[in-house]
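start-v8.cif, holding mmCIF, C-alpha atoms and all ligand atoms:
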```cif
data_coords
loop_
_atom_site.label_atom_id
_atom_site.label_comp_id
_atom_site.auth_asym_id
_atom_site.auth_seq_id
_atom_site.Cartn_x
_atom_site.Cartn_y
_atom_site.Cartn_z
CA MET A 63 26.27 -2.43 -6.35
CA ALA A 64 26.97 -3.31 -10.01
CA SER A 65 28.80 -6.52 -9.09
CA ILE A 66 25.73 -8.14 -7.58
CA THR A 67 23.73 -7.75 -10.78
CA PRO A 68 24.06 -11.16 -12.37
CA VAL A 69 23.96 -11.54 -16.12
CA GLN A 70 20.57 -13.25 -16.25
CA LEU A 71 18.88 -11.15 -13.56
CA GLU A 72 19.19 -7.52 -14.51
CA ALA A 73 16.61 -4.99 -13.46
CA LEU A 74 14.47 -4.43 -16.53
CA PRO A 75 14.73 -1.12 -18.31
CA ASP A 76 12.34 1.75 -17.96
CA VAL A 77 9.80 1.19 -20.75
CA GLY A 78 7.62 4.27 -20.82
CA GLY A 79 10.00 6.94 -19.52
CA PRO A 80 9.94 8.82 -16.21
CA ALA A 81 6.54 10.46 -16.74
CA GLN A 82 4.69 7.15 -17.16
CA PRO A 83 3.58 5.74 -13.80
CA LEU A 84 5.31 2.53 -12.77
CA LEU A 85 2.02 1.11 -11.51
CA SER A 86 -1.50 2.21 -12.38
CA VAL A 87 -4.51 0.77 -10.62
CA ARG A 88 -7.88 1.54 -12.17
CA GLY A 89 -11.27 0.71 -10.68
CA LEU A 90 -9.80 -2.11 -8.60
CA THR A 91 -12.59 -3.99 -6.81
CA LYS A 92 -12.73 -7.09 -4.64
CA HIS A 93 -15.99 -8.43 -3.25
CA PHE A 94 -15.57 -11.60 -1.20
CA PRO A 95 -18.74 -13.71 -1.46
CA LEU A 96 -19.93 -15.22 1.81
CA GLY A 97 -22.18 -18.24 2.34
CA ARG A 98 -25.97 -17.87 2.18
CA ILE A 99 -27.96 -17.85 5.41
CA SER A 100 -30.63 -19.94 3.63
CA PRO A 101 -30.87 -21.31 0.06
CA THR A 102 -33.35 -18.56 -0.90
CA ALA A 103 -31.50 -15.69 0.78
CA ALA A 104 -29.37 -13.38 -1.32
CA ARG A 105 -25.67 -14.07 -1.15
CA SER A 106 -23.91 -11.43 0.95
CA VAL A 107 -20.52 -10.05 -0.05
CA VAL A 108 -17.72 -8.28 1.79
CA HIS A 109 -16.96 -5.04 -0.06
CA ALA A 110 -13.25 -5.22 0.76
CA VAL A 111 -12.01 -2.97 -2.06
CA ASP A 112 -14.41 -0.89 -4.13
CA GLY A 113 -13.29 0.96 -7.25
CA LEU A 114 -9.81 2.03 -6.19
CA SER A 115 -7.72 4.09 -8.65
CA PHE A 116 -4.20 5.39 -8.05
CA ASP A 117 -0.71 5.52 -9.52
CA VAL A 118 2.72 4.73 -8.11
CA ARG A 119 5.20 6.98 -9.91
CA LYS A 120 8.70 5.95 -10.83
CA GLY A 121 11.08 6.43 -7.91
CA GLU A 122 8.45 7.46 -5.38
CA THR A 123 7.08 5.97 -2.18
CA LEU A 124 3.30 5.95 -2.09
CA GLY A 125 1.94 5.30 1.38
CA ILE A 126 -1.47 3.72 1.99
CA VAL A 127 -3.01 4.40 5.40
CA GLY A 128 -6.33 3.54 7.00
CA GLU A 129 -7.78 1.64 9.94
CA SER A 130 -7.60 -2.12 10.20
CA GLY A 131 -10.04 -3.79 7.79
CA CYS A 132 -10.22 -0.91 5.28
CA GLY A 133 -8.81 -3.11 2.49
CA LYS A 134 -5.07 -2.34 2.49
CA SER A 135 -3.86 -5.94 2.41
CA THR A 136 -6.54 -6.96 -0.08
CA THR A 137 -5.28 -4.16 -2.34
CA SER A 138 -1.71 -5.47 -2.09
CA ARG A 139 -2.83 -9.03 -2.81
CA LEU A 140 -4.80 -7.83 -5.84
CA ILE A 141 -1.78 -5.91 -7.15
CA MET A 142 0.41 -9.00 -6.68
CA SER A 143 -2.22 -11.08 -8.58
CA LEU A 144 -2.46 -13.41 -5.59
CA ILE A 145 -6.26 -13.05 -5.78
CA GLU A 146 -8.57 -12.34 -8.73
CA PRO A 147 -10.18 -8.90 -8.82
CA THR A 148 -13.96 -8.65 -9.10
CA ALA A 149 -13.32 -5.70 -11.45
CA GLY A 150 -10.61 -3.29 -12.44
CA GLU A 151 -7.12 -3.51 -13.88
CA VAL A 152 -3.48 -3.23 -12.92
CA VAL A 153 -1.05 -1.73 -15.45
CA PHE A 154 2.72 -1.89 -14.94
CA ASP A 155 4.86 0.63 -16.83
CA GLY A 156 2.13 0.95 -19.46
CA MET A 157 1.61 -2.82 -19.88
CA ALA A 158 -1.50 -4.65 -18.67
CA VAL A 159 -0.50 -7.31 -16.15
CA GLY A 160 -1.02 -10.77 -17.63
CA SER A 161 -0.98 -9.47 -21.22
CA ARG A 162 1.38 -10.74 -23.92
CA ALA A 163 3.58 -7.69 -23.32
CA LEU A 164 3.83 -8.51 -19.60
CA PRO A 165 3.13 -12.15 -18.69
CA LEU A 166 2.35 -12.81 -15.03
CA LYS A 167 5.65 -14.62 -14.46
CA GLU A 168 7.69 -11.65 -15.65
CA TYR A 169 5.54 -9.19 -13.71
CA ARG A 170 5.98 -11.21 -10.50
CA ARG A 171 9.74 -10.85 -10.83
CA GLN A 172 9.49 -7.09 -11.07
CA VAL A 173 7.15 -6.65 -8.12
CA GLN A 174 8.11 -8.16 -4.77
CA MET A 175 6.48 -8.07 -1.40
CA VAL A 176 7.53 -7.76 2.25
CA PHE A 177 4.98 -8.67 4.93
CA GLN A 178 4.51 -7.73 8.57
CA ASP A 179 5.26 -11.18 9.97
CA SER A 180 9.00 -11.59 9.42
CA TYR A 181 9.01 -15.16 10.72
CA ALA A 182 6.14 -16.56 8.65
CA SER A 183 7.75 -15.35 5.41
CA LEU A 184 10.91 -17.44 5.94
CA ASN A 185 11.32 -21.20 5.67
CA PRO A 186 12.45 -22.22 9.20
CA ARG A 187 14.52 -25.11 7.80
CA MET A 188 16.51 -23.01 5.34
CA SER A 189 19.66 -21.08 6.23
CA ILE A 190 19.55 -17.36 5.58
CA GLU A 191 21.84 -17.56 2.54
CA ALA A 192 19.81 -20.45 1.08
CA SER A 193 16.60 -18.44 1.56
CA ILE A 194 17.97 -15.41 -0.28
CA ALA A 195 19.56 -17.53 -3.04
CA PHE A 196 16.40 -19.63 -3.56
CA ALA A 197 14.49 -17.50 -6.08
CA PRO A 198 17.52 -16.58 -8.24
CA LYS A 199 18.36 -20.31 -8.45
CA VAL A 200 14.79 -21.08 -9.55
CA HIS A 201 15.39 -18.49 -12.27
CA GLY A 202 18.44 -20.41 -13.46
CA MET A 203 21.31 -18.76 -11.62
CA PRO A 204 24.15 -21.18 -10.81
CA HIS A 205 24.45 -22.07 -7.12
CA ALA A 206 27.80 -20.40 -6.43
CA GLN A 207 26.72 -17.18 -8.12
CA ALA A 208 23.41 -17.15 -6.22
CA ILE A 209 25.20 -17.63 -2.88
CA ALA A 210 27.68 -14.85 -3.71
CA ALA A 211 24.80 -12.55 -4.63
CA ALA A 212 23.02 -13.50 -1.37
CA HIS A 213 26.11 -12.48 0.62
CA GLU A 214 26.26 -9.11 -1.13
CA LEU A 215 22.56 -8.57 -0.42
CA LEU A 216 23.10 -9.43 3.25
CA GLN A 217 25.82 -6.79 3.32
CA ALA A 218 23.45 -4.32 1.62
CA VAL A 219 20.81 -4.81 4.34
CA GLY A 220 23.37 -4.37 7.11
CA LEU A 221 23.96 -8.00 8.12
CA HIS A 222 27.52 -9.36 8.03
CA PRO A 223 27.52 -12.43 5.77
CA ALA A 224 30.20 -14.15 7.88
CA GLN A 225 27.99 -13.79 10.93
CA PHE A 226 24.53 -14.37 9.45
CA ALA A 227 24.68 -16.41 6.20
CA HIS A 228 24.55 -19.80 7.94
CA ARG A 229 22.06 -18.93 10.65
CA PHE A 230 18.44 -20.02 10.66
CA PRO A 231 15.40 -17.73 11.09
CA HIS A 232 14.86 -18.63 14.77
CA GLN A 233 18.41 -17.47 15.57
CA LEU A 234 17.61 -13.91 14.43
CA SER A 235 15.77 -11.01 16.07
CA GLY A 236 12.60 -9.64 14.46
CA GLY A 237 14.49 -6.70 12.97
CA GLN A 238 17.23 -8.96 11.57
CA ARG A 239 14.61 -11.30 10.06
CA GLN A 240 12.91 -8.35 8.41
CA ARG A 241 16.27 -7.32 6.91
CA VAL A 242 16.58 -10.84 5.50
CA ASN A 243 13.08 -10.59 4.03
CA ILE A 244 14.06 -7.31 2.38
CA ALA A 245 17.23 -8.94 0.97
CA ARG A 246 15.09 -11.78 -0.38
CA ALA A 247 12.69 -9.33 -1.98
CA LEU A 248 15.64 -7.63 -3.73
CA ALA A 249 17.21 -10.85 -5.02
CA LEU A 250 15.29 -10.84 -8.31
CA ARG A 251 16.13 -7.18 -8.94
CA PRO A 252 12.51 -5.91 -8.81
CA ARG A 253 11.42 -2.38 -9.71
CA LEU A 254 8.59 -2.15 -7.18
CA LEU A 255 8.39 -3.31 -3.57
CA ILE A 256 5.03 -3.66 -1.86
CA LEU A 257 5.63 -3.36 1.87
CA ASP A 258 2.57 -4.38 3.89
CA GLU A 259 3.05 -3.16 7.49
CA PRO A 260 6.77 -4.07 7.28
CA VAL A 261 7.73 -2.41 10.59
CA SER A 262 4.48 -2.81 12.55
CA ALA A 263 5.74 -5.77 14.57
CA LEU A 264 9.07 -4.15 15.49
CA ASP A 265 10.13 -2.12 18.53
CA LYS A 266 10.28 1.63 17.94
CA SER A 267 14.12 1.82 17.87
CA VAL A 268 14.37 -1.13 15.46
CA GLU A 269 11.52 0.35 13.41
CA ALA A 270 13.55 3.53 12.81
CA GLN A 271 16.59 1.52 11.70
CA VAL A 272 14.60 -0.55 9.22
CA LEU A 273 12.87 2.58 7.85
CA ASN A 274 16.26 4.23 7.32
CA LEU A 275 17.49 1.10 5.58
CA LEU A 276 14.46 1.16 3.26
CA VAL A 277 15.12 4.81 2.38
CA ASP A 278 18.74 3.98 1.58
CA LEU A 279 17.88 0.89 -0.50
CA ARG A 280 15.29 2.75 -2.55
CA HIS A 281 18.02 5.01 -3.89
CA ARG A 282 20.70 2.37 -4.22
CA PHE A 283 18.50 -0.11 -6.09
CA ASP A 284 16.45 2.43 -8.05
CA LEU A 285 13.18 1.21 -6.52
CA SER A 286 9.65 2.50 -6.06
CA TYR A 287 7.67 1.57 -2.96
CA LEU A 288 4.03 1.01 -2.14
CA PHE A 289 4.20 1.30 1.65
CA ILE A 290 1.16 0.15 3.60
CA SER A 291 0.74 1.06 7.26
CA HIS A 292 -1.91 1.91 9.82
CA ASP A 293 0.66 4.24 11.45
CA LEU A 294 0.45 7.81 10.14
CA ASN A 295 3.78 8.81 11.68
CA VAL A 296 5.62 6.05 9.83
CA VAL A 297 3.98 7.03 6.54
CA HIS A 298 4.79 10.69 7.20
CA TYR A 299 8.43 9.76 7.58
CA ILE A 300 8.83 7.50 4.57
CA ALA A 301 6.27 8.44 1.91
CA ASP A 302 6.26 11.12 -0.79
CA ARG A 303 2.53 10.81 -1.37
CA VAL A 304 -0.22 9.15 0.61
CA LEU A 305 -3.52 7.46 -0.17
CA VAL A 306 -5.99 7.42 2.72
CA MET A 307 -8.43 4.49 2.49
CA TYR A 308 -11.77 4.13 4.22
CA LEU A 309 -13.93 1.00 3.91
CA GLY A 310 -12.47 -0.08 0.58
CA ARG A 311 -12.43 3.32 -1.08
CA SER A 312 -10.07 6.30 -1.49
CA ALA A 313 -10.84 9.11 0.92
CA GLU A 314 -7.94 11.35 0.01
CA ILE A 315 -4.74 11.24 -2.04
CA GLY A 316 -1.87 13.65 -2.50
CA ASP A 317 1.55 14.85 -1.35
CA VAL A 318 2.33 13.93 2.23
CA ALA A 319 3.26 17.53 3.07
CA SER A 320 -0.03 18.87 1.70
CA ILE A 321 -2.27 16.25 3.30
CA TYR A 322 -0.61 16.30 6.73
CA ALA A 323 -0.62 20.11 6.83
CA LYS A 324 -4.16 20.58 5.52
CA PRO A 325 -6.28 17.43 5.30
CA ALA A 326 -9.41 17.99 3.19
CA HIS A 327 -11.32 14.87 4.17
CA PRO A 328 -12.87 14.73 7.67
CA TYR A 329 -11.65 11.14 8.02
CA THR A 330 -8.02 12.12 7.37
CA ALA A 331 -8.37 15.04 9.78
CA ALA A 332 -9.75 12.70 12.48
CA LEU A 333 -6.99 10.15 11.91
CA LEU A 334 -4.35 12.86 12.20
CA ASP A 335 -6.00 14.20 15.35
CA SER A 336 -6.07 10.72 16.88
CA ARG A 337 -2.30 10.45 16.82
CA PRO A 338 -0.75 10.47 20.28
CA SER A 339 0.93 13.81 20.88
CA MET A 340 4.25 14.26 22.64
CA ASP A 341 3.09 17.71 23.72
CA PRO A 342 0.96 17.46 26.93
CA ALA A 343 -0.87 20.68 25.99
CA ARG A 344 -2.07 19.03 22.79
CA ARG A 345 -3.08 15.77 24.42
CA ARG A 346 -6.74 14.97 23.92
CA THR A 347 -9.12 13.47 26.40
CA ALA A 348 -11.75 12.39 23.87
CA ALA A 349 -10.90 10.50 20.69
CA PRO A 350 -11.88 12.52 17.60
CA LEU A 351 -12.87 9.33 15.79
CA HIS A 352 -15.83 7.61 17.42
CA GLY A 353 -16.74 3.95 17.13
CA ASP A 354 -15.61 1.36 14.63
CA PRO A 355 -15.93 1.44 10.85
CA PRO A 356 -19.29 0.02 9.64
CA ASN A 357 -19.55 -3.57 8.47
CA PRO A 358 -18.15 -3.89 4.91
CA ILE A 359 -20.90 -6.44 4.16
CA ASP A 360 -23.45 -3.63 4.25
CA PRO A 361 -21.58 -0.34 3.80
CA PRO A 362 -23.50 2.95 4.20
CA SER A 363 -25.02 4.47 1.05
CA GLY A 364 -23.45 7.59 -0.42
CA CYS A 365 -20.32 8.53 1.50
CA ARG A 366 -19.13 5.55 3.50
CA PHE A 367 -17.74 7.79 6.23
CA ARG A 368 -21.07 9.53 6.90
CA THR A 369 -22.00 7.42 9.96
CA ARG A 370 -18.93 8.80 11.78
CA CYS A 371 -18.62 12.21 10.14
CA THR A 372 -19.43 15.30 12.24
CA THR A 373 -20.23 17.36 9.11
CA ALA A 374 -22.49 14.81 7.36
CA GLU A 375 -25.68 16.17 5.73
CA ASP A 376 -28.60 14.47 3.95
CA VAL A 377 -26.84 14.73 0.59
CA CYS A 378 -24.00 12.54 1.97
CA ALA A 379 -26.40 9.56 2.13
CA ALA A 380 -27.57 10.12 -1.43
CA ARG A 381 -24.36 10.87 -3.36
CA VAL A 382 -21.12 8.93 -3.60
CA PRO A 383 -18.42 11.62 -3.40
CA PRO A 384 -15.98 11.32 -6.32
CA LEU A 385 -12.28 12.04 -5.80
CA ALA A 386 -12.26 15.75 -6.59
CA PRO A 387 -8.93 17.48 -7.27
CA LEU A 388 -8.37 20.39 -4.84
CA HIS A 389 -5.20 21.56 -6.47
CA ARG A 390 -2.50 20.05 -8.60
CA ARG A 391 -1.29 17.39 -6.21
CA HIS A 392 -4.16 16.73 -3.80
CA ALA A 393 -7.66 15.23 -4.20
CA ALA A 394 -10.38 14.32 -1.70
CA ALA A 395 -13.58 12.27 -1.88
CA CYS A 396 -15.79 14.53 0.20
CA LEU A 397 -18.85 16.47 -0.95
CA MET A 398 -17.55 19.52 0.94
CA ALA A 399 -14.60 19.54 -1.51
CA LEU A 400 -16.78 19.16 -4.62
CA PRO A 401 -18.06 22.45 -6.03
CA GLY A 402 -21.86 22.52 -6.30
CA SER A 403 -22.27 19.10 -4.63
CA GLY A 404 -25.31 20.15 -2.60
CA HIS A 405 -23.42 20.12 0.73
CA SER A 406 -23.90 23.46 2.49
CA LEU A 407 -20.13 23.83 3.03
CA ALA A 408 -19.18 23.06 -0.61
CA PRO A 409 -17.84 25.81 -2.86
CA ALA A 410 -20.15 27.17 -5.56
CA ALA A 411 -20.41 25.09 -8.73
CA ALA A 412 -17.41 25.31 -11.04
CA THR A 413 -17.70 25.20 -14.80
CA HIS A 414 -15.19 22.33 -15.08
CA HIS A 415 -16.15 18.99 -13.59
CA PRO A 416 -13.04 16.82 -13.42
CA LEU A 417 -13.23 13.24 -14.59
CA PRO A 418 -12.41 10.53 -12.02
CA GLU A 419 -9.38 9.68 -14.21
CA GLU A 420 -7.91 13.14 -13.57
CA ALA A 421 -8.21 12.69 -9.82
CA ALA A 422 -6.46 9.31 -9.96
CA ASN A 423 -3.51 11.05 -11.59
CA VAL A 424 -3.09 13.45 -8.69
N1 LIG B 1 -10.64 -14.04 2.12
C1 LIG B 1 -11.52 -13.22 2.64
N2 LIG B 1 -12.84 -13.55 2.74
C2 LIG B 1 -13.75 -12.70 3.25
N3 LIG B 1 -13.45 -11.47 3.72
C3 LIG B 1 -12.16 -11.08 3.65
C4 LIG B 1 -11.13 -11.92 3.12
N4 LIG B 1 -9.95 -11.24 3.20
C5 LIG B 1 -10.23 -10.03 3.75
N5 LIG B 1 -11.55 -9.95 4.03
C6 LIG B 1 -12.26 -8.78 4.62
O1 LIG B 1 -12.00 -7.67 3.76
C7 LIG B 1 -11.85 -6.49 4.53
C8 LIG B 1 -10.51 -5.85 4.24
O2 LIG B 1 -9.49 -6.65 4.81
P1 LIG B 1 -7.94 -6.30 4.67
O3 LIG B 1 -7.64 -6.05 3.24
O4 LIG B 1 -7.17 -7.40 5.32
O5 LIG B 1 -7.80 -4.96 5.50
P2 LIG B 1 -6.53 -4.24 6.14
O6 LIG B 1 -5.30 -4.85 5.55
O7 LIG B 1 -6.71 -2.80 5.80
O8 LIG B 1 -6.63 -4.46 7.61
C9 LIG B 1 -12.04 -6.89 5.98
O9 LIG B 1 -13.39 -6.67 6.34
C10 LIG B 1 -11.73 -8.38 5.96
O10 LIG B 1 -12.41 -9.05 7.01
S1 LIG B 2 -19.12 13.54 1.97
FE1 LIG B 2 -20.33 14.14 3.76
S2 LIG B 2 -20.19 12.42 5.18
FE2 LIG B 2 -18.58 12.17 3.66
S3 LIG B 2 -16.78 13.04 4.58
FE3 LIG B 2 -17.72 14.66 3.34
S4 LIG B 2 -19.12 15.74 4.75
FE4 LIG B 2 -18.55 13.81 5.75
MG MG B 3 -3.56 -5.67 6.52
#
```
Kindly present the structure from the file in structure tokens form.
Amino acid sequence: MASITPVQLEALPDVGGPAQPLLSVRGLTKHFPLGRISPTAARSVVHAVDGLSFDVRKGETLGIVGESGCGKSTTSRLIMSLIEPTAGEVVFDGMAVGSRALPLKEYRRQVQMVFQDSYASLNPRMSIEASIAFAPKVHGMPHAQAIAAAHELLQAVGLHPAQFAHRFPHQLSGGQRQRVNIARALALRPRLLILDEPVSALDKSVEAQVLNLLVDLRHRFDLSYLFISHDLNVVHYIADRVLVMYLGRSAEIGDVASIYAKPAHPYTAALLDSRPSMDPARRRTAAPLHGDPPNPIDPPSGCRFRTRCTTAEDVCAARVPPLAPLHRRHAAACLMALPGSGHSLAPAAATHHPLPEEAANV
């Protein structure tokens, strides 16, 4: 793919080496203020994202899963700097986003996004080639070079330029439009793609094709992915590690293989159990996860999952469970996983109490 790398738009070099995370999120928080009921009433806020910390490592796919409304899209918008955080920071390859070392404009080139709605992301009046060439031209690439690069990107995402370059978005299927959106996201040679439910609107057969394309492109373009989905099967297929979110917080993080084989958080276990099974013998009659998540305007004290947790005890209302490392590559925010937490099913107290920072590095 060397020929499509134009002189002025090369992927930027690895700054901190392979061991330094590509993206580090620390204490990320977003509270959306709502209007007051009366002038004297306290202002209520939506606790959309509350103290989230995680890393995306170089070359990996980190999946984020959780029910609708748990803060996945808000997290992606915070990382893209599309909205201001209430607290917390985003660090890219060791550089604070918006600092002198990494101005916002440069950061935005290196991190690109693909959304669920393939149609809304494309200008209906622009041809496909013009859409893909648009951002490189804004960055100073000559027209002919940008069009040539757009054609090579179309080829890379499996669309014949001769057949598709001059079409308009409404002349494409949902899967083809999503391929165009992926080509557009690659046009500035980013290092990280944030994919927010990129296949959720597609049919199952098309979904598989687009997932396979994403796997292929990650290797070919030396990318890392933050892959957001409510679908655990999709995340199982594509991700190396997974972060499970519940009501704005991390419930569990670790290797996909470890978490799917042995979830440590009751929420993750319930989500995995709720998946439809192909095996009639394993088909459930009752859903393991009852009710809806509580209102994020007034989240439960202590553990936010306690109102739906079958193993909740009094201590769960009093203590916020920290993300406790279980072993080298797996951590869970449940008092049953925290030695000496006061939960009757917790292991005895350990001598070493890990810092939250250690858990974020899992
Ligand atoms: N601009 C906003 N103003 C107020 N509340 C918002 C806003 N954006 C999102 N929310 C709320 O924040 C919570 C998280 O939303 P979101 O990040 O979209 O979740 P997800 O992507 O996981 O479905 C939801 O309760 C949602 O209603
Ligand atoms: S901390 Fe308590 S309520 Fe929360 S998941 Fe663990 S057992 Fe359930
Ligand atoms: Mg969303």
Counting all atoms listed in the file, what are the residues of chain A within 10 Å of ligand LIG 2 (chain B), and for each of them which pair of atoms is the nearest and at what distance in Å, to one decimal? Sort the table by chain and rising number, as a tab-separated table.
```
residue	atom	partner	partner_atom	distance
A:Ala313	CA	B:LIG2	S3	8.0
A:Ala326	CA	B:LIG2	FE3	9.0
A:His327	CA	B:LIG2	S3	5.8
A:Pro328	CA	B:LIG2	S3	5.3
A:Tyr329	CA	B:LIG2	S3	6.5
A:Thr330	CA	B:LIG2	S3	9.2
A:Gly364	CA	B:LIG2	S1	7.7
A:Cys365	CA	B:LIG2	FE2	4.6
A:Arg366	CA	B:LIG2	FE2	6.6
A:Phe367	CA	B:LIG2	FE2	5.1
A:Arg368	CA	B:LIG2	S2	3.5
A:Thr369	CA	B:LIG2	S2	7.2
A:Arg370	CA	B:LIG2	S2	7.6
A:Cys371	CA	B:LIG2	FE4	4.7
A:Thr372	CA	B:LIG2	FE4	6.7
A:Thr373	CA	B:LIG2	S4	4.8
A:Ala374	CA	B:LIG2	S2	4.0
A:Glu375	CA	B:LIG2	FE1	6.1
A:Asp376	CA	B:LIG2	FE1	8.3
A:Val377	CA	B:LIG2	FE1	7.3
A:Cys378	CA	B:LIG2	FE1	4.4
A:Ala379	CA	B:LIG2	S2	7.5
A:Ala380	CA	B:LIG2	S1	9.7
A:Arg381	CA	B:LIG2	S1	7.9
A:Val382	CA	B:LIG2	S1	7.5
A:Pro383	CA	B:LIG2	S1	5.7
A:Pro384	CA	B:LIG2	S1	9.1
A:Ala394	CA	B:LIG2	FE3	8.9
A:Ala395	CA	B:LIG2	S1	6.9
A:Cys396	CA	B:LIG2	FE3	3.7
A:Leu397	CA	B:LIG2	S1	4.1
A:Met398	CA	B:LIG2	FE3	5.4
A:Ala399	CA	B:LIG2	FE3	7.6
A:Leu400	CA	B:LIG2	S1	9.0
A:Ser403	CA	B:LIG2	S1	9.2
A:His405	CA	B:LIG2	S4	7.3
A:Ser406	CA	B:LIG2	S4	9.4
A:Leu407	CA	B:LIG2	S4	8.3
A:Ala408	CA	B:LIG2	S4	9.1
```
Item to complete: Would you mind listing the residues within 7 Å of ligand LIG 1 (chain B), counting all atoms listed in the file, as a list in words?
Response: Phe94, Pro95, Leu96, Val108, His109, Ala110, Gly128, Glu129, Ser130, Gly131, Cys132, Gly133, Lys134, Ser135, Thr136, Thr137 and Pro358 of chain A
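CA of Ile290 (chain A) to CA of Gly316 (chain A) spans 15.1 Å [interatomic distance, one decimal].
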Worksheet entry | Nearest residue to ligand MG 3 (chain B) from the set A:Arg139, A:Arg98, A:Arg229, A:Arg390 (distances using only C-alpha atoms and all ligand atoms) | A:Arg139
Worksheet item: Quick one: distance from CA of Gln225 (chain A) to CA of His213 (chain A) in Å, one decimal?
Response: 10.6 Å
Fill in: Spatial neighbours of Tyr322 (chain A), 12 Å, all atoms listed in the file, chain gap at least 2 places, as a PyMOL selection string
chain A and resi 294-295+297-299+301-306+314-320+324-327+330-335+337+392
Using C-alpha atoms, can you write the selected residues to a file as a compact mmCIF listing (two decimals), in the coordinates of the input?
```txt
# COMPACT_ATOMS: atom_id res chain seq x y z
CA LEU A 294 0.45 7.81 10.14
CA ASN A 295 3.78 8.81 11.68
CA VAL A 297 3.98 7.03 6.54
CA HIS A 298 4.79 10.69 7.20
CA TYR A 299 8.43 9.76 7.58
CA ALA A 301 6.27 8.44 1.91
CA ASP A 302 6.26 11.12 -0.79
CA ARG A 303 2.53 10.81 -1.37
CA VAL A 304 -0.22 9.15 0.61
CA LEU A 305 -3.52 7.46 -0.17
CA VAL A 306 -5.99 7.42 2.72
CA GLU A 314 -7.94 11.35 0.01
CA ILE A 315 -4.74 11.24 -2.04
CA GLY A 316 -1.87 13.65 -2.50
CA ASP A 317 1.55 14.85 -1.35
CA VAL A 318 2.33 13.93 2.23
CA ALA A 319 3.26 17.53 3.07
CA SER A 320 -0.03 18.87 1.70
CA LYS A 324 -4.16 20.58 5.52
CA PRO A 325 -6.28 17.43 5.30
CA ALA A 326 -9.41 17.99 3.19
CA HIS A 327 -11.32 14.87 4.17
CA THR A 330 -8.02 12.12 7.37
CA ALA A 331 -8.37 15.04 9.78
CA ALA A 332 -9.75 12.70 12.48
CA LEU A 333 -6.99 10.15 11.91
CA LEU A 334 -4.35 12.86 12.20
CA ASP A 335 -6.00 14.20 15.35
CA ARG A 337 -2.30 10.45 16.82
CA HIS A 392 -4.16 16.73 -3.80
```
Worksheet, complete the sentence: Expressed in Å, the length from CA of Val268 (chain A) to CA of Leu140 (chain A) is 29.4 Å
Worksheet item: Neighbours of Gly113 (chain A) within 8 Å (all atoms listed in the file; same-chain residues fewer than 6 positions away dropped), as a PyMOL selection string?
Response: chain A and resi 88-91+149-150+310-311
Practice prompt. Name the closest residue to ligand MG 3 (chain B) among the candidates A:Leu257, A:Leu234, A:Ile145, A:Met188; distances are taken between atoms, counting only C-alpha atoms and all ligand atoms.
Written response: A:Leu257
Worksheet item: Near region 274-289 of chain A, within 9 Å and counting only C-alpha atoms, which residues show up once chain neighbours fewer than 4 positions away are dropped, as a ChimeraX atom specification?
Response: /A:63,84,118-127,138,218-220,241,244,248,251-260,269-270,297,300-301
Limited to C-alpha atoms, could you put the picked residues into a file as a PDB file, keeping the file's coordinate frame?
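File part-v2.pdb, as written:
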```pdb
ATOM      1  CA  MET A  63      26.270  -2.430  -6.350  1.00  0.00           C
ATOM      2  CA  LEU A  84       5.310   2.530 -12.770  1.00  0.00           C
ATOM      3  CA  VAL A 118       2.720   4.730  -8.110  1.00  0.00           C
ATOM      4  CA  ARG A 119       5.200   6.980  -9.910  1.00  0.00           C
ATOM      5  CA  LYS A 120       8.700   5.950 -10.830  1.00  0.00           C
ATOM      6  CA  GLY A 121      11.080   6.430  -7.910  1.00  0.00           C
ATOM      7  CA  GLU A 122       8.450   7.460  -5.380  1.00  0.00           C
ATOM      8  CA  THR A 123       7.080   5.970  -2.180  1.00  0.00           C
ATOM      9  CA  LEU A 124       3.300   5.950  -2.090  1.00  0.00           C
ATOM     10  CA  GLY A 125       1.940   5.300   1.380  1.00  0.00           C
ATOM     11  CA  ILE A 126      -1.470   3.720   1.990  1.00  0.00           C
ATOM     12  CA  VAL A 127      -3.010   4.400   5.400  1.00  0.00           C
ATOM     13  CA  SER A 138      -1.710  -5.470  -2.090  1.00  0.00           C
ATOM     14  CA  ALA A 218      23.450  -4.320   1.620  1.00  0.00           C
ATOM     15  CA  VAL A 219      20.810  -4.810   4.340  1.00  0.00           C
ATOM     16  CA  GLY A 220      23.370  -4.370   7.110  1.00  0.00           C
ATOM     17  CA  ARG A 241      16.270  -7.320   6.910  1.00  0.00           C
ATOM     18  CA  ILE A 244      14.060  -7.310   2.380  1.00  0.00           C
ATOM     19  CA  LEU A 248      15.640  -7.630  -3.730  1.00  0.00           C
ATOM     20  CA  ARG A 251      16.130  -7.180  -8.940  1.00  0.00           C
ATOM     21  CA  PRO A 252      12.510  -5.910  -8.810  1.00  0.00           C
ATOM     22  CA  ARG A 253      11.420  -2.380  -9.710  1.00  0.00           C
ATOM     23  CA  LEU A 254       8.590  -2.150  -7.180  1.00  0.00           C
ATOM     24  CA  LEU A 255       8.390  -3.310  -3.570  1.00  0.00           C
ATOM     25  CA  ILE A 256       5.030  -3.660  -1.860  1.00  0.00           C
ATOM     26  CA  LEU A 257       5.630  -3.360   1.870  1.00  0.00           C
ATOM     27  CA  ASP A 258       2.570  -4.380   3.890  1.00  0.00           C
ATOM     28  CA  GLU A 259       3.050  -3.160   7.490  1.00  0.00           C
ATOM     29  CA  PRO A 260       6.770  -4.070   7.280  1.00  0.00           C
ATOM     30  CA  GLU A 269      11.520   0.350  13.410  1.00  0.00           C
ATOM     31  CA  ALA A 270      13.550   3.530  12.810  1.00  0.00           C
ATOM     32  CA  VAL A 297       3.980   7.030   6.540  1.00  0.00           C
ATOM     33  CA  ILE A 300       8.830   7.500   4.570  1.00  0.00           C
ATOM     34  CA  ALA A 301       6.270   8.440   1.910  1.00  0.00           C
TER      35      ALA A 301
END
```
